[in-house]
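J.: Before we start, here is the structure in question, set down as structure tokens.
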Amino acid sequence: TLRQYARLFQDRTLLKLLGNSLLVSVLASFIATVFGTVASLGIYNLNPRLRKAAMTLTNIPMTNPDIVTGVSLSLLFVFVGTRMLGQRNSLTFWTLLIAHITFNLPYVILNVMPKLKQTDSSLRDAAMDLGCTPLQAFFKVTLHEIAPGIVSGAIMAFTMSLDDFVISYFVSGLDFVTLPVEIYSYTKKPLHPKIYALFTLLFLLILVLMVTMNLIQLRGDKKRAAAHSGV
């Protein structure tokens with residue numbers, strides 16, 4: 001009901017937790033998009049054997065169960081924090097952010113790579129023949145061609161980060177908790193109706209983002225098909 005939504009927006013604790021989740025999701029998706037795009041360019045320029053090996057390694061975080069990834073990252077962070085850095089609290093906001101970037105990278109790469117394969121390399125060569133440096137040719141030609149894949153990868157990374165619980169549960173500390181981790185503690189007691197209202201809002205947000213991502217991909221495919229038919 002509207003009353004439950006009104007109570008939801010008046011609950012400062014839930015709003016803070018939602019803000020934590022949004023902060024991690026935005027930062028992780030942005031950094032993963034940048035590094036994933038650069039990694040895609042590097043993988044694309046490898047020879048076929050190395051490219052296949054690199055893509056196999058890229059798929060490991062996606063094929064691994066979340067609990068295996070979460071426990072492995074937690075052990076790594078605790079080892080580095082306690083043995084190498086001498087910290088008592090090894091699990092902090094930064095470990096949570098690094099973990100989210102790690103499992104978001106494959107989604108960005110898998111969205112950008114198909115767009116790179118569909119690009120016309122002659123356009124980049126033509127830009128360099130006209131005086132562009134390789135970096136200028138990338139920003140003026142290649143970036144525009146792969147932009148739909150970058151946007152789709154960023155949206156998918158954001159939704160995966162916002163919705164993640166298992167990995168976040170193992171790598172987050174007590175000083176910074178995301179909303180899915182906090183909601184898990186509510187399952188041990190009867191849920192307040194405002195929590196159901198929150199679930200509905202999160203579901204609608206993720207649904208809108210996924211529909212937007214599919215529309216962007218469809219629009220890019222239509223533009224590419226129209227360009228090829230015009231040629």
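Lettering and numbering for the structure tokens are positional, with chains as A, B, ... in the shown order, residues counted from 1 in each chain, and ligands counted from 1 in the shown order.
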Could you make a table, as JSON lines, of the residues of stretch 47-67 of chain A that have an atom within 7 Å of an atom of stretch 98-112 of chain A, each with its nearest atom pair and distance in Å to one decimal, counting only C-alpha atoms, in chain and number order?
T.:
```
{"residue": "A:Thr58", "atom": "CA", "partner": "A:Pro106", "partner_atom": "CA", "distance": 5.6}
{"residue": "A:Asn59", "atom": "CA", "partner": "A:Pro106", "partner_atom": "CA", "distance": 6.4}
{"residue": "A:Pro61", "atom": "CA", "partner": "A:Phe103", "partner_atom": "CA", "distance": 5.8}
```
J.: Those selected residues, please, written with C-alpha atoms and delivered as an mmCIF file, in the first residue's frame.
T.:
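Output below, filename result-v6.cif:
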```
data_model
loop_
_atom_site.group_PDB
_atom_site.id
_atom_site.type_symbol
_atom_site.label_atom_id
_atom_site.label_comp_id
_atom_site.auth_asym_id
_atom_site.auth_seq_id
_atom_site.Cartn_x
_atom_site.Cartn_y
_atom_site.Cartn_z
ATOM 1 C CA THR A 58 37.318 -14.567 -18.368
ATOM 2 C CA ASN A 59 34.459 -17.041 -18.022
ATOM 3 C CA PRO A 61 34.095 -15.997 -12.439
#
```
J.: Just want the 12 Å neighbourhood of stretch 206-220 of chain A, counted on only C-alpha atoms, with same-chain residues fewer than 3 positions away dropped. Output as a PyMOL selection string.
T.: chain A and resi 111-112+114-115+118-119+144-163+199-203+223-227
J.: I need the residue nearest A:Thr37 from this list: A:Thr178, A:Asn89, A:Asn64, A:Thr142. Use only C-alpha atoms for the distance.
T.: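 Among the listed residues, A:Thr142 lies closest to A:Thr37.
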J.: Which residues, written as a list in words, have at least one atom at most 10 Å from A:Pro134, with only C-alpha atoms counted and residues fewer than 5 positions away on the same chain left out?
T.: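 Near neighbours after the sequence-gap exclusion: Arg124, Asp125, Ala127, Met128, Phe139 and Lys140 of chain A.
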J.: To one decimal place, how far is atom CA of A:Phe165 from atom CA of A:Pro180 in Å?
T.: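 Distance reported for this atom pair: 5.4 Å.
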J.: Rounded to one decimal place, report the atom CA of A:Lys16-atom CA of A:Val177 distance in Å.
T.: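 Straight-line distance from atom CA of A:Lys16 to atom CA of A:Val177 works out to 9.5 Å.
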J.: Would you mind telling me which residue in A:Phe170, A:Val181, A:Val26, A:Asp221 lies nearest to A:Thr92 when using only C-alpha atoms?
T.: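 When distances to A:Thr92 are compared using only C-alpha atoms, the smallest one comes from A:Phe170.
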